[in-house]
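This report concerns only the one structure given below.
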Amino acid sequence: MPLKSCCIYSTGVFSILILILGIALVLSNVFPHFVQSMVKEEVVLKNGTEAFKDWENPPPPVYMQFYFFNLTNPMEVLAGDRPAVVQIGPYTYREYRPMEQVDFLDNGTKVTAVNTKTYIFQRNMSRGPESDLIRTVNIPAMTVMEMFKNNPLAANLISSYMRGKDDGLFTTRTVGELLWGYEDGLLKALKLFKHDLDDVFGLFYKSNASNDGEYVFFTGQQNYKDFARVDTWNGASSLNWWSSDECNMINGTNGASFHPVLTKDEMLYMFSSDLCRSLYALYEEDVTVKGIPAYRFSPPSKVFANLTVNPANAGFCVPAGNCLGSGVLNVSACKQGAPIIMSSPHFYQADEKFVEDVFGMWPVKEQHQTTIDINPLTGIILQAAKRLQVNVYVEKIPTFSPTGNVRTLVFPVVYLNESVLIDDESALKLRAIVAKQNVVVNIPFILVGLGIILGGIFMFLMCRQKIPESTAAERQPLLSS
């Protein structure tokens with residue numbers, strides 16, 4: 001009997017100790033800090049770490065999809081009607097982007113590299129071959145006309161030249177030509193007078209199998225929050241860029257400047273080049289990608305907002321004070337004077353007038369929003385989709401007859417979707433890490449639960465111990481014979 005009582009009381013003491021220990025661990029946050037410290041050790045660019053291997057040669061496939069807007073009524077547009085376009089695509093390319101010429105600096109706190117990008121056409125993932133024809137605005141001609149619209153003599157000569165050619169304000173070219181370049185007759189003629197002029201035009205001309213210079217990245221050795229953040233690009237300082245292809249048409253998803261162990265309030269800086277500056281994204285919602293929890297970030301509407309909404313966009317009002325409206329940004333300064341306007345696909349989040357000016361625009365958030373899904377524990381990108389649209393500012397120029405009576409509008413040419421999804425092998429590894437993290441982080445709560453259960457067992461045993469004695473007393477006869 002004493003031994004039994006000793007066991008019961010030991011259970012009670014043990015339950016109280018476990019309960020106190022569990023509560024203390026919950027309040028001290030020891031285990032979450034322990035998990036974070038383990039992650040910080042791995043999130044560094046140095047030989048031998050998984051982070052370095054994935055940074056140097058990302059395992060998930062990156063795809064670039066192009067959707068062109070084919071003009072169906074060119075003659076009516078020249079007469080003053082609004083354009084009617086049909087979306088054609090996707091034309092998909094596998095994007096390879098290894099880090100090359102890697103060299104560590106400053107005792108491993110920084111690393112230099114060049115990021116060569118190569119695009120390989122994927123016919124099985126495309127609507128048709130690269131030889132498909134697209135009718136769209138003649139960007140070289142529109143650029144030249146904008147350049148010489150205040151020079152009547154040059155304008156007259158250029159108009160005369162264009163009248164003798166098949167191409168006017170609009171042109172028909174193959175997908176491959178529009179993307180990677182074709183020899184333009186007008187540019188070739190102008191090159192006779194301006195020898196340094198390039199007579200080849202393409203939206204991504206010279207972008208395939210090339211790099212845009214040397215990057216210097218922080219390795220994260222001194223501060224894990226600096227992991228893979230760009231320090232300089234071609235000697236120029238940059239702050240929190242996702243990548244730094246300054247003023248190129250497209251950039252990539254390497255060199256993410258996110259913070260491992262993310263909080264929902266953190267701001268994520270992303271694409272810099274398409275708009276000659278960095279874009280940022282804010283937390284939108286919790287999502288799950290291949291069974292892995294993630295925070296979804298997306299650019300807020302003010303990124304493309306008008307000057308009156310977002311004064312930071314004043315620099316995109318070219319010339320100064322000439323703002324087009326919310327949802328579009330004039331990046332002609334980054335395009336050698338070409339009247340290129342950037343927006344979200346189908347003018348998503350733009351002023352309604354841009355949608356109404358072109359028949360065939362149907363903005364849908366799920367299809368046209370830029371998003372990036374990041375695991376908050378490791379900071380690993382699980383899924384991302386960068387969606388941007390290339391447009392051309394079109395207007396009637398009295399000194400150029402090829403512009404006819406065209407309306408002044410922002411004409412959509414192509415929108416791109418650069419996307420990546422974590423591969424199955426990486427997802428399996430990450431799910432295992434998340435599962436371990438869940439177990440470790442929940443140990444204090446498990447202890448609290450165990451303490452409560454043992455406490456309940458102790459109370460039950462105490463009650464059982466007293467019941468037989470009271471029951472026996474109740475059954476004693478009042479009188480003995």
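The chains in the structure tokens are called A, B, ... from first to last as shown; in each chain the residues are counted from 1, and the ligands are counted from 1 in the order shown.
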Problem - Residues near A:Glu183, cut-off 10 Å, only C-alpha atoms, skip fewer than 4 positions along chain, as a VMD selection string - result: chain A and resid 177 187 to 188 198 to 202
Output N, CA, C and O atoms for every residue in the selection just made, as a PDB file, in the first residue's frame.
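Just written: again.pdb:
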ATOM      1  N   GLU A 177      11.141  36.140 -85.077  1.00  0.00           N
ATOM      2  CA  GLU A 177      11.676  37.442 -85.463  1.00  0.00           C
ATOM      3  C   GLU A 177      11.349  38.512 -84.419  1.00  0.00           C
ATOM      4  O   GLU A 177      12.210  39.319 -84.046  1.00  0.00           O
ATOM      5  N   LEU A 187      15.512  50.841 -90.441  1.00  0.00           N
ATOM      6  CA  LEU A 187      16.721  51.021 -89.630  1.00  0.00           C
ATOM      7  C   LEU A 187      17.971  50.861 -90.486  1.00  0.00           C
ATOM      8  O   LEU A 187      18.965  51.579 -90.288  1.00  0.00           O
ATOM      9  N   LYS A 188      17.913  49.937 -91.442  1.00  0.00           N
ATOM     10  CA  LYS A 188      19.063  49.725 -92.319  1.00  0.00           C
ATOM     11  C   LYS A 188      19.320  50.948 -93.184  1.00  0.00           C
ATOM     12  O   LYS A 188      20.473  51.341 -93.421  1.00  0.00           O
ATOM     13  N   ASP A 198      21.944  50.230 -84.819  1.00  0.00           N
ATOM     14  CA  ASP A 198      21.768  48.786 -85.035  1.00  0.00           C
ATOM     15  C   ASP A 198      20.554  48.593 -85.924  1.00  0.00           C
ATOM     16  O   ASP A 198      19.461  49.076 -85.622  1.00  0.00           O
ATOM     17  N   ASP A 199      20.733  47.900 -87.047  1.00  0.00           N
ATOM     18  CA  ASP A 199      19.626  47.728 -87.993  1.00  0.00           C
ATOM     19  C   ASP A 199      18.817  46.458 -87.724  1.00  0.00           C
ATOM     20  O   ASP A 199      17.988  46.059 -88.545  1.00  0.00           O
ATOM     21  N   VAL A 200      19.076  45.788 -86.623  1.00  0.00           N
ATOM     22  CA  VAL A 200      18.317  44.599 -86.235  1.00  0.00           C
ATOM     23  C   VAL A 200      17.458  44.942 -85.024  1.00  0.00           C
ATOM     24  O   VAL A 200      17.936  45.552 -84.062  1.00  0.00           O
ATOM     25  N   PHE A 201      16.189  44.559 -85.099  1.00  0.00           N
ATOM     26  CA  PHE A 201      15.282  44.813 -83.978  1.00  0.00           C
ATOM     27  C   PHE A 201      14.662  43.510 -83.502  1.00  0.00           C
ATOM     28  O   PHE A 201      14.253  42.666 -84.296  1.00  0.00           O
ATOM     29  N   GLY A 202      14.558  43.367 -82.193  1.00  0.00           N
ATOM     30  CA  GLY A 202      13.854  42.246 -81.582  1.00  0.00           C
ATOM     31  C   GLY A 202      13.594  42.588 -80.133  1.00  0.00           C
ATOM     32  O   GLY A 202      14.414  43.247 -79.486  1.00  0.00           O
TER      33      GLY A 202
END
Practice task
For A:Gly325, please output as JSON, numbers by chain all residues within 12 Å (counting only C-alpha atoms; exclusion window: fewer than 6 positions along the same chain).
Solution key: {"A": [302, 304, 305, 306, 307, 308, 309, 310, 313, 314, 316, 317, 341, 342, 343, 347, 349, 350, 351, 352, 353, 354, 409, 410]}
Keeping C-alpha atoms, export the residues of the selection given above as a compact mmCIF listing (two decimals), in the first residue's frame.
# COMPACT_ATOMS: atom_id res chain seq x y z
CA LYS A 302 0.42 51.46 -56.39
CA PHE A 304 1.98 50.98 -61.45
CA ALA A 305 -0.10 53.81 -60.03
CA ASN A 306 -0.28 57.34 -61.37
CA LEU A 307 1.80 60.18 -59.92
CA THR A 308 -1.17 61.42 -57.90
CA VAL A 309 -1.47 58.04 -56.17
CA ASN A 310 2.23 57.16 -55.94
CA ASN A 313 6.47 57.06 -60.05
CA ALA A 314 7.15 60.66 -61.08
CA PHE A 316 8.12 57.53 -65.37
CA CYS A 317 6.22 60.61 -66.52
CA ILE A 341 5.02 51.17 -72.09
CA MET A 342 4.99 48.44 -69.44
CA SER A 343 1.93 47.17 -67.62
CA PHE A 347 -3.92 46.08 -68.24
CA GLN A 349 -5.06 46.97 -62.18
CA ALA A 350 -4.81 49.76 -64.78
CA ASP A 351 -7.26 52.56 -65.50
CA GLU A 352 -10.33 51.26 -67.29
CA LYS A 353 -9.63 53.47 -70.33
CA PHE A 354 -6.66 51.30 -71.32
CA LEU A 409 -3.60 54.75 -77.30
CA VAL A 410 -1.37 52.22 -75.57
Problem - Shortest interatomic distance to A:His346 - which of A:Ser332, A:Gln389, A:Asn208, A:Thr219, counting only C-alpha atoms - result: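 Closest candidate: A:Gln389.
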Practice task
Go through A:Pro98, A:Asn150, A:Asn70, A:Tyr91 and flag the residue nearest A:Asn124, using only C-alpha atoms for the distances.
Solution key: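 For A:Asn124, the nearest of the candidates is A:Tyr91.
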Practice task
Go through A:Pro60, A:Pro339, A:Pro311, A:Pro83 one by one, measure the shortest atom-to-atom distance of each to A:Thr143 using only C-alpha atoms, and give the residue with the smallest value.
Solution key: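 Comparing A:Pro60, A:Pro339, A:Pro311, A:Pro83 against A:Thr143, the winner is A:Pro339.
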Practice task
Just the residues within 10 Å of A:Ala427, please, counting only C-alpha atoms, with nothing from its chain fewer than 2 positions along; format it as a list in words.
Solution key: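 The filter keeps Pro60, Val289, Lys290, Gly291, Ile292, Leu382, Leu421, Ile422, Asp423, Asp424, Glu425, Lys429, Leu430, Arg431, Ala432 and Ile433 of chain A.
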How about saving the chosen residues, N, CA and C atoms kept, as a PDB file, in the first residue's frame?
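Contents of again.pdb, freshly written:
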ATOM      1  N   PRO A  60      14.784  23.673 -60.044  1.00  0.00           N
ATOM      2  CA  PRO A  60      13.451  23.752 -60.659  1.00  0.00           C
ATOM      3  C   PRO A  60      13.526  24.381 -62.048  1.00  0.00           C
ATOM      4  N   VAL A 289       1.873  24.868 -51.460  1.00  0.00           N
ATOM      5  CA  VAL A 289       2.426  24.441 -52.745  1.00  0.00           C
ATOM      6  C   VAL A 289       3.045  23.059 -52.568  1.00  0.00           C
ATOM      7  N   LYS A 290       2.471  22.067 -53.230  1.00  0.00           N
ATOM      8  CA  LYS A 290       2.940  20.685 -53.127  1.00  0.00           C
ATOM      9  C   LYS A 290       3.048  20.228 -51.676  1.00  0.00           C
ATOM     10  N   GLY A 291       2.048  20.611 -50.881  1.00  0.00           N
ATOM     11  CA  GLY A 291       1.997  20.198 -49.494  1.00  0.00           C
ATOM     12  C   GLY A 291       2.896  20.986 -48.563  1.00  0.00           C
ATOM     13  N   ILE A 292       3.477  22.079 -49.047  1.00  0.00           N
ATOM     14  CA  ILE A 292       4.397  22.886 -48.252  1.00  0.00           C
ATOM     15  C   ILE A 292       3.760  24.246 -47.994  1.00  0.00           C
ATOM     16  N   LEU A 382       8.943  28.574 -53.633  1.00  0.00           N
ATOM     17  CA  LEU A 382       8.228  27.372 -54.029  1.00  0.00           C
ATOM     18  C   LEU A 382       7.595  27.533 -55.406  1.00  0.00           C
ATOM     19  N   LEU A 421       8.329  26.481 -60.630  1.00  0.00           N
ATOM     20  CA  LEU A 421       7.629  25.671 -59.634  1.00  0.00           C
ATOM     21  C   LEU A 421       8.629  24.683 -59.065  1.00  0.00           C
ATOM     22  N   ILE A 422       8.701  24.579 -57.748  1.00  0.00           N
ATOM     23  CA  ILE A 422       9.659  23.692 -57.116  1.00  0.00           C
ATOM     24  C   ILE A 422       9.519  22.276 -57.649  1.00  0.00           C
ATOM     25  N   ASP A 423      10.639  21.618 -57.929  1.00  0.00           N
ATOM     26  CA  ASP A 423      10.596  20.262 -58.471  1.00  0.00           C
ATOM     27  C   ASP A 423      10.234  19.271 -57.373  1.00  0.00           C
ATOM     28  N   ASP A 424       9.826  18.072 -57.781  1.00  0.00           N
ATOM     29  CA  ASP A 424       9.322  17.075 -56.829  1.00  0.00           C
ATOM     30  C   ASP A 424      10.386  16.637 -55.829  1.00  0.00           C
ATOM     31  N   GLU A 425      11.634  16.484 -56.292  1.00  0.00           N
ATOM     32  CA  GLU A 425      12.702  16.034 -55.392  1.00  0.00           C
ATOM     33  C   GLU A 425      12.979  17.079 -54.301  1.00  0.00           C
ATOM     34  N   LYS A 429      12.279  16.909 -50.054  1.00  0.00           N
ATOM     35  CA  LYS A 429      13.247  17.283 -49.018  1.00  0.00           C
ATOM     36  C   LYS A 429      12.685  18.371 -48.109  1.00  0.00           C
ATOM     37  N   LEU A 430      12.024  19.327 -48.712  1.00  0.00           N
ATOM     38  CA  LEU A 430      11.509  20.448 -47.935  1.00  0.00           C
ATOM     39  C   LEU A 430      10.350  20.016 -47.045  1.00  0.00           C
ATOM     40  N   ARG A 431       9.519  19.103 -47.533  1.00  0.00           N
ATOM     41  CA  ARG A 431       8.423  18.594 -46.694  1.00  0.00           C
ATOM     42  C   ARG A 431       8.975  17.891 -45.450  1.00  0.00           C
ATOM     43  N   ALA A 432      10.092  17.172 -45.635  1.00  0.00           N
ATOM     44  CA  ALA A 432      10.718  16.492 -44.498  1.00  0.00           C
ATOM     45  C   ALA A 432      11.247  17.516 -43.495  1.00  0.00           C
ATOM     46  N   ILE A 433      11.832  18.604 -43.992  1.00  0.00           N
ATOM     47  CA  ILE A 433      12.338  19.664 -43.107  1.00  0.00           C
ATOM     48  C   ILE A 433      11.192  20.315 -42.349  1.00  0.00           C
TER      49      ILE A 433
END
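In terms of minimum interatomic distance to A:Ser326, A:Val355 ranks closest within A:Val85, A:Val413, A:Ile397, A:Val355, counting only C-alpha atoms.
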Identify all residues of stretch 14-219 of chain A in strand (DSSP E) (DSSP on the backbone) and supply them as a PDB file with N, CA and C atoms, in the first residue's frame.
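Generated output (result.pdb):
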ATOM      1  N   VAL A  62      12.728  26.725 -65.068  1.00  0.00           N
ATOM      2  CA  VAL A  62      12.114  28.037 -65.259  1.00  0.00           C
ATOM      3  C   VAL A  62      11.614  28.113 -66.694  1.00  0.00           C
ATOM      4  N   TYR A  63      10.375  28.543 -66.860  1.00  0.00           N
ATOM      5  CA  TYR A  63       9.791  28.650 -68.197  1.00  0.00           C
ATOM      6  C   TYR A  63       9.388  30.091 -68.486  1.00  0.00           C
ATOM      7  N   MET A  64       9.622  30.480 -69.723  1.00  0.00           N
ATOM      8  CA  MET A  64       9.198  31.793 -70.193  1.00  0.00           C
ATOM      9  C   MET A  64       8.140  31.582 -71.266  1.00  0.00           C
ATOM     10  N   GLN A  65       6.961  32.100 -71.009  1.00  0.00           N
ATOM     11  CA  GLN A  65       5.859  31.975 -71.972  1.00  0.00           C
ATOM     12  C   GLN A  65       5.520  33.346 -72.528  1.00  0.00           C
ATOM     13  N   PHE A  66       5.310  33.392 -73.840  1.00  0.00           N
ATOM     14  CA  PHE A  66       4.960  34.634 -74.519  1.00  0.00           C
ATOM     15  C   PHE A  66       3.568  34.495 -75.136  1.00  0.00           C
ATOM     16  N   TYR A  67       2.738  35.515 -74.902  1.00  0.00           N
ATOM     17  CA  TYR A  67       1.397  35.584 -75.491  1.00  0.00           C
ATOM     18  C   TYR A  67       1.325  36.868 -76.325  1.00  0.00           C
ATOM     19  N   PHE A  68       1.194  36.704 -77.631  1.00  0.00           N
ATOM     20  CA  PHE A  68       1.152  37.857 -78.532  1.00  0.00           C
ATOM     21  C   PHE A  68      -0.286  38.289 -78.783  1.00  0.00           C
ATOM     22  N   PHE A  69      -0.431  39.583 -79.122  1.00  0.00           N
ATOM     23  CA  PHE A  69      -1.741  40.122 -79.466  1.00  0.00           C
ATOM     24  C   PHE A  69      -1.752  40.411 -80.965  1.00  0.00           C
ATOM     25  N   ASN A  70      -2.457  39.574 -81.689  1.00  0.00           N
ATOM     26  CA  ASN A  70      -2.513  39.690 -83.145  1.00  0.00           C
ATOM     27  C   ASN A  70      -3.605  40.681 -83.552  1.00  0.00           C
ATOM     28  N   LEU A  71      -3.222  41.704 -84.312  1.00  0.00           N
ATOM     29  CA  LEU A  71      -4.175  42.730 -84.754  1.00  0.00           C
ATOM     30  C   LEU A  71      -5.005  42.204 -85.918  1.00  0.00           C
ATOM     31  N   VAL A  85      -7.810  42.904 -81.074  1.00  0.00           N
ATOM     32  CA  VAL A  85      -6.695  41.964 -81.047  1.00  0.00           C
ATOM     33  C   VAL A  85      -7.166  40.612 -80.525  1.00  0.00           C
ATOM     34  N   VAL A  86      -6.426  39.586 -80.936  1.00  0.00           N
ATOM     35  CA  VAL A  86      -6.671  38.225 -80.471  1.00  0.00           C
ATOM     36  C   VAL A  86      -5.387  37.708 -79.831  1.00  0.00           C
ATOM     37  N   GLN A  87      -5.513  37.215 -78.615  1.00  0.00           N
ATOM     38  CA  GLN A  87      -4.335  36.673 -77.937  1.00  0.00           C
ATOM     39  C   GLN A  87      -3.939  35.345 -78.558  1.00  0.00           C
ATOM     40  N   ILE A  88      -2.654  35.199 -78.891  1.00  0.00           N
ATOM     41  CA  ILE A  88      -2.133  33.970 -79.480  1.00  0.00           C
ATOM     42  C   ILE A  88      -0.954  33.489 -78.641  1.00  0.00           C
ATOM     43  N   GLY A  89      -1.015  32.272 -78.187  1.00  0.00           N
ATOM     44  CA  GLY A  89       0.068  31.723 -77.383  1.00  0.00           C
ATOM     45  C   GLY A  89      -0.434  30.598 -76.503  1.00  0.00           C
ATOM     46  N   PRO A  90       0.384  30.039 -75.651  1.00  0.00           N
ATOM     47  CA  PRO A  90       1.733  30.526 -75.372  1.00  0.00           C
ATOM     48  C   PRO A  90       2.782  29.974 -76.333  1.00  0.00           C
ATOM     49  N   TYR A  91       3.894  30.683 -76.417  1.00  0.00           N
ATOM     50  CA  TYR A  91       5.110  30.199 -77.054  1.00  0.00           C
ATOM     51  C   TYR A  91       6.112  30.076 -75.908  1.00  0.00           C
ATOM     52  N   THR A  92       6.470  28.845 -75.592  1.00  0.00           N
ATOM     53  CA  THR A  92       7.173  28.547 -74.348  1.00  0.00           C
ATOM     54  C   THR A  92       8.646  28.230 -74.584  1.00  0.00           C
ATOM     55  N   TYR A  93       9.468  28.772 -73.700  1.00  0.00           N
ATOM     56  CA  TYR A  93      10.909  28.532 -73.741  1.00  0.00           C
ATOM     57  C   TYR A  93      11.370  28.054 -72.367  1.00  0.00           C
ATOM     58  N   ARG A  94      12.211  27.039 -72.372  1.00  0.00           N
ATOM     59  CA  ARG A  94      12.881  26.621 -71.131  1.00  0.00           C
ATOM     60  C   ARG A  94      14.054  27.571 -70.903  1.00  0.00           C
ATOM     61  N   GLU A  95      14.127  28.063 -69.694  1.00  0.00           N
ATOM     62  CA  GLU A  95      15.123  29.081 -69.380  1.00  0.00           C
ATOM     63  C   GLU A  95      16.216  28.469 -68.496  1.00  0.00           C
ATOM     64  N   TYR A  96      17.447  28.485 -69.000  1.00  0.00           N
ATOM     65  CA  TYR A  96      18.590  28.007 -68.224  1.00  0.00           C
ATOM     66  C   TYR A  96      19.382  29.220 -67.757  1.00  0.00           C
ATOM     67  N   MET A  99      24.842  30.188 -62.626  1.00  0.00           N
ATOM     68  CA  MET A  99      25.821  31.189 -62.211  1.00  0.00           C
ATOM     69  C   MET A  99      27.205  30.722 -62.668  1.00  0.00           C
ATOM     70  N   GLU A 100      27.924  31.590 -63.333  1.00  0.00           N
ATOM     71  CA  GLU A 100      29.237  31.236 -63.866  1.00  0.00           C
ATOM     72  C   GLU A 100      30.294  32.210 -63.363  1.00  0.00           C
ATOM     73  N   GLN A 101      31.552  31.789 -63.484  1.00  0.00           N
ATOM     74  CA  GLN A 101      32.695  32.599 -63.045  1.00  0.00           C
ATOM     75  C   GLN A 101      32.526  33.016 -61.580  1.00  0.00           C
ATOM     76  N   VAL A 102      32.162  32.052 -60.760  1.00  0.00           N
ATOM     77  CA  VAL A 102      31.913  32.304 -59.336  1.00  0.00           C
ATOM     78  C   VAL A 102      33.236  32.488 -58.603  1.00  0.00           C
ATOM     79  N   ASP A 103      33.338  33.553 -57.823  1.00  0.00           N
ATOM     80  CA  ASP A 103      34.565  33.842 -57.087  1.00  0.00           C
ATOM     81  C   ASP A 103      34.204  34.491 -55.748  1.00  0.00           C
ATOM     82  N   PHE A 104      34.692  33.916 -54.639  1.00  0.00           N
ATOM     83  CA  PHE A 104      34.381  34.428 -53.311  1.00  0.00           C
ATOM     84  C   PHE A 104      35.335  35.565 -52.931  1.00  0.00           C
ATOM     85  N   LEU A 105      34.770  36.581 -52.268  1.00  0.00           N
ATOM     86  CA  LEU A 105      35.532  37.769 -51.869  1.00  0.00           C
ATOM     87  C   LEU A 105      35.371  38.016 -50.372  1.00  0.00           C
ATOM     88  N   LYS A 110      31.174  37.872 -49.521  1.00  0.00           N
ATOM     89  CA  LYS A 110      30.602  38.252 -50.813  1.00  0.00           C
ATOM     90  C   LYS A 110      31.073  37.268 -51.884  1.00  0.00           C
ATOM     91  N   VAL A 111      30.327  37.213 -52.974  1.00  0.00           N
ATOM     92  CA  VAL A 111      30.678  36.341 -54.080  1.00  0.00           C
ATOM     93  C   VAL A 111      30.317  37.030 -55.387  1.00  0.00           C
ATOM     94  N   THR A 112      31.209  36.930 -56.378  1.00  0.00           N
ATOM     95  CA  THR A 112      30.949  37.509 -57.696  1.00  0.00           C
ATOM     96  C   THR A 112      30.545  36.404 -58.661  1.00  0.00           C
ATOM     97  N   ALA A 113      29.728  36.753 -59.641  1.00  0.00           N
ATOM     98  CA  ALA A 113      29.289  35.783 -60.646  1.00  0.00           C
ATOM     99  C   ALA A 113      28.649  36.511 -61.814  1.00  0.00           C
ATOM    100  N   VAL A 114      28.594  35.829 -62.947  1.00  0.00           N
ATOM    101  CA  VAL A 114      27.801  36.297 -64.080  1.00  0.00           C
ATOM    102  C   VAL A 114      26.685  35.288 -64.297  1.00  0.00           C
ATOM    103  N   ASN A 115      25.529  35.782 -64.692  1.00  0.00           N
ATOM    104  CA  ASN A 115      24.336  34.951 -64.826  1.00  0.00           C
ATOM    105  C   ASN A 115      23.953  34.850 -66.299  1.00  0.00           C
ATOM    106  N   THR A 118      19.936  31.308 -71.135  1.00  0.00           N
ATOM    107  CA  THR A 118      19.725  30.684 -72.439  1.00  0.00           C
ATOM    108  C   THR A 118      18.276  30.223 -72.529  1.00  0.00           C
ATOM    109  N   TYR A 119      17.647  30.504 -73.657  1.00  0.00           N
ATOM    110  CA  TYR A 119      16.245  30.150 -73.871  1.00  0.00           C
ATOM    111  C   TYR A 119      16.146  29.105 -74.973  1.00  0.00           C
ATOM    112  N   ILE A 120      15.532  27.966 -74.636  1.00  0.00           N
ATOM    113  CA  ILE A 120      15.364  26.865 -75.588  1.00  0.00           C
ATOM    114  C   ILE A 120      13.867  26.671 -75.844  1.00  0.00           C
ATOM    115  N   PHE A 121      13.471  26.761 -77.115  1.00  0.00           N
ATOM    116  CA  PHE A 121      12.052  26.661 -77.478  1.00  0.00           C
ATOM    117  C   PHE A 121      11.504  25.285 -77.167  1.00  0.00           C
ATOM    118  N   LEU A 133       2.968  33.554 -87.693  1.00  0.00           N
ATOM    119  CA  LEU A 133       2.985  34.973 -88.032  1.00  0.00           C
ATOM    120  C   LEU A 133       2.096  35.779 -87.090  1.00  0.00           C
ATOM    121  N   ILE A 134       2.587  36.949 -86.731  1.00  0.00           N
ATOM    122  CA  ILE A 134       1.865  37.856 -85.836  1.00  0.00           C
ATOM    123  C   ILE A 134       1.835  39.240 -86.486  1.00  0.00           C
ATOM    124  N   ARG A 135       0.619  39.826 -86.554  1.00  0.00           N
ATOM    125  CA  ARG A 135       0.514  41.205 -87.038  1.00  0.00           C
ATOM    126  C   ARG A 135       0.430  42.121 -85.822  1.00  0.00           C
ATOM    127  N   THR A 136       1.337  43.080 -85.766  1.00  0.00           N
ATOM    128  CA  THR A 136       1.408  43.968 -84.602  1.00  0.00           C
ATOM    129  C   THR A 136       1.924  45.327 -85.028  1.00  0.00           C
ATOM    130  N   VAL A 137       2.048  46.230 -84.096  1.00  0.00           N
ATOM    131  CA  VAL A 137       2.551  47.564 -84.396  1.00  0.00           C
ATOM    132  C   VAL A 137       4.021  47.470 -84.787  1.00  0.00           C
ATOM    133  N   PHE A 170       1.944  49.168 -89.135  1.00  0.00           N
ATOM    134  CA  PHE A 170       1.836  47.795 -88.649  1.00  0.00           C
ATOM    135  C   PHE A 170       2.686  46.873 -89.515  1.00  0.00           C
ATOM    136  N   THR A 171       3.109  45.777 -88.939  1.00  0.00           N
ATOM    137  CA  THR A 171       3.965  44.827 -89.637  1.00  0.00           C
ATOM    138  C   THR A 171       3.560  43.410 -89.270  1.00  0.00           C
ATOM    139  N   THR A 172       3.883  42.460 -90.129  1.00  0.00           N
ATOM    140  CA  THR A 172       3.622  41.048 -89.874  1.00  0.00           C
ATOM    141  C   THR A 172       4.958  40.316 -89.829  1.00  0.00           C
ATOM    142  N   ARG A 173       5.256  39.721 -88.695  1.00  0.00           N
ATOM    143  CA  ARG A 173       6.527  39.034 -88.489  1.00  0.00           C
ATOM    144  C   ARG A 173       6.284  37.704 -87.776  1.00  0.00           C
ATOM    145  N   THR A 174       7.284  36.831 -87.850  1.00  0.00           N
ATOM    146  CA  THR A 174       7.178  35.561 -87.135  1.00  0.00           C
ATOM    147  C   THR A 174       7.439  35.783 -85.650  1.00  0.00           C
ATOM    148  N   TYR A 182      15.184  40.719 -86.203  1.00  0.00           N
ATOM    149  CA  TYR A 182      15.140  40.657 -87.664  1.00  0.00           C
ATOM    150  C   TYR A 182      15.729  41.954 -88.205  1.00  0.00           C
ATOM    151  N   GLU A 183      16.239  41.888 -89.392  1.00  0.00           N
ATOM    152  CA  GLU A 183      16.812  43.078 -90.029  1.00  0.00           C
ATOM    153  C   GLU A 183      15.680  43.966 -90.526  1.00  0.00           C
ATOM    154  N   VAL A 200      19.076  45.788 -86.623  1.00  0.00           N
ATOM    155  CA  VAL A 200      18.317  44.599 -86.235  1.00  0.00           C
ATOM    156  C   VAL A 200      17.458  44.942 -85.024  1.00  0.00           C
ATOM    157  N   PHE A 201      16.189  44.559 -85.099  1.00  0.00           N
ATOM    158  CA  PHE A 201      15.282  44.813 -83.978  1.00  0.00           C
ATOM    159  C   PHE A 201      14.662  43.510 -83.502  1.00  0.00           C
ATOM    160  N   GLU A 214      28.691  41.518 -64.483  1.00  0.00           N
ATOM    161  CA  GLU A 214      29.075  40.886 -63.220  1.00  0.00           C
ATOM    162  C   GLU A 214      28.245  41.392 -62.048  1.00  0.00           C
ATOM    163  N   TYR A 215      27.797  40.440 -61.247  1.00  0.00           N
ATOM    164  CA  TYR A 215      27.081  40.733 -60.009  1.00  0.00           C
ATOM    165  C   TYR A 215      27.993  40.468 -58.821  1.00  0.00           C
ATOM    166  N   VAL A 216      27.803  41.220 -57.764  1.00  0.00           N
ATOM    167  CA  VAL A 216      28.423  40.908 -56.474  1.00  0.00           C
ATOM    168  C   VAL A 216      27.283  40.669 -55.487  1.00  0.00           C
ATOM    169  N   PHE A 217      27.224  39.451 -54.935  1.00  0.00           N
ATOM    170  CA  PHE A 217      26.172  39.072 -53.996  1.00  0.00           C
ATOM    171  C   PHE A 217      26.738  38.967 -52.581  1.00  0.00           C
ATOM    172  N   PHE A 218      25.903  39.255 -51.598  1.00  0.00           N
ATOM    173  CA  PHE A 218      26.235  38.925 -50.224  1.00  0.00           C
ATOM    174  C   PHE A 218      25.971  37.435 -50.023  1.00  0.00           C
TER     175      PHE A 218
END
Exercise for the section: Quick one: pick out all alpha helix (DSSP H) residues within stretch 354-445 of chain A from a backbone DSSP run and write them as a VMD selection string. Expected result: chain A and resid 354 to 356 365 to 368 424 to 441 443 to 445
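Closest approach to A:Asp373 from the set A:Val394, A:Leu450, A:Val406, A:Ala281 is made by A:Ala281, with distances taken over only C-alpha atoms.
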Practice task
Name the residues in contact with A:Leu388 at a cut-off of 9 Å, using only C-alpha atoms, excluding same-chain residues fewer than 4 positions from it; report them as number ranges by chain.
Solution key: A: 274, 342-345, 368-370, 414-418
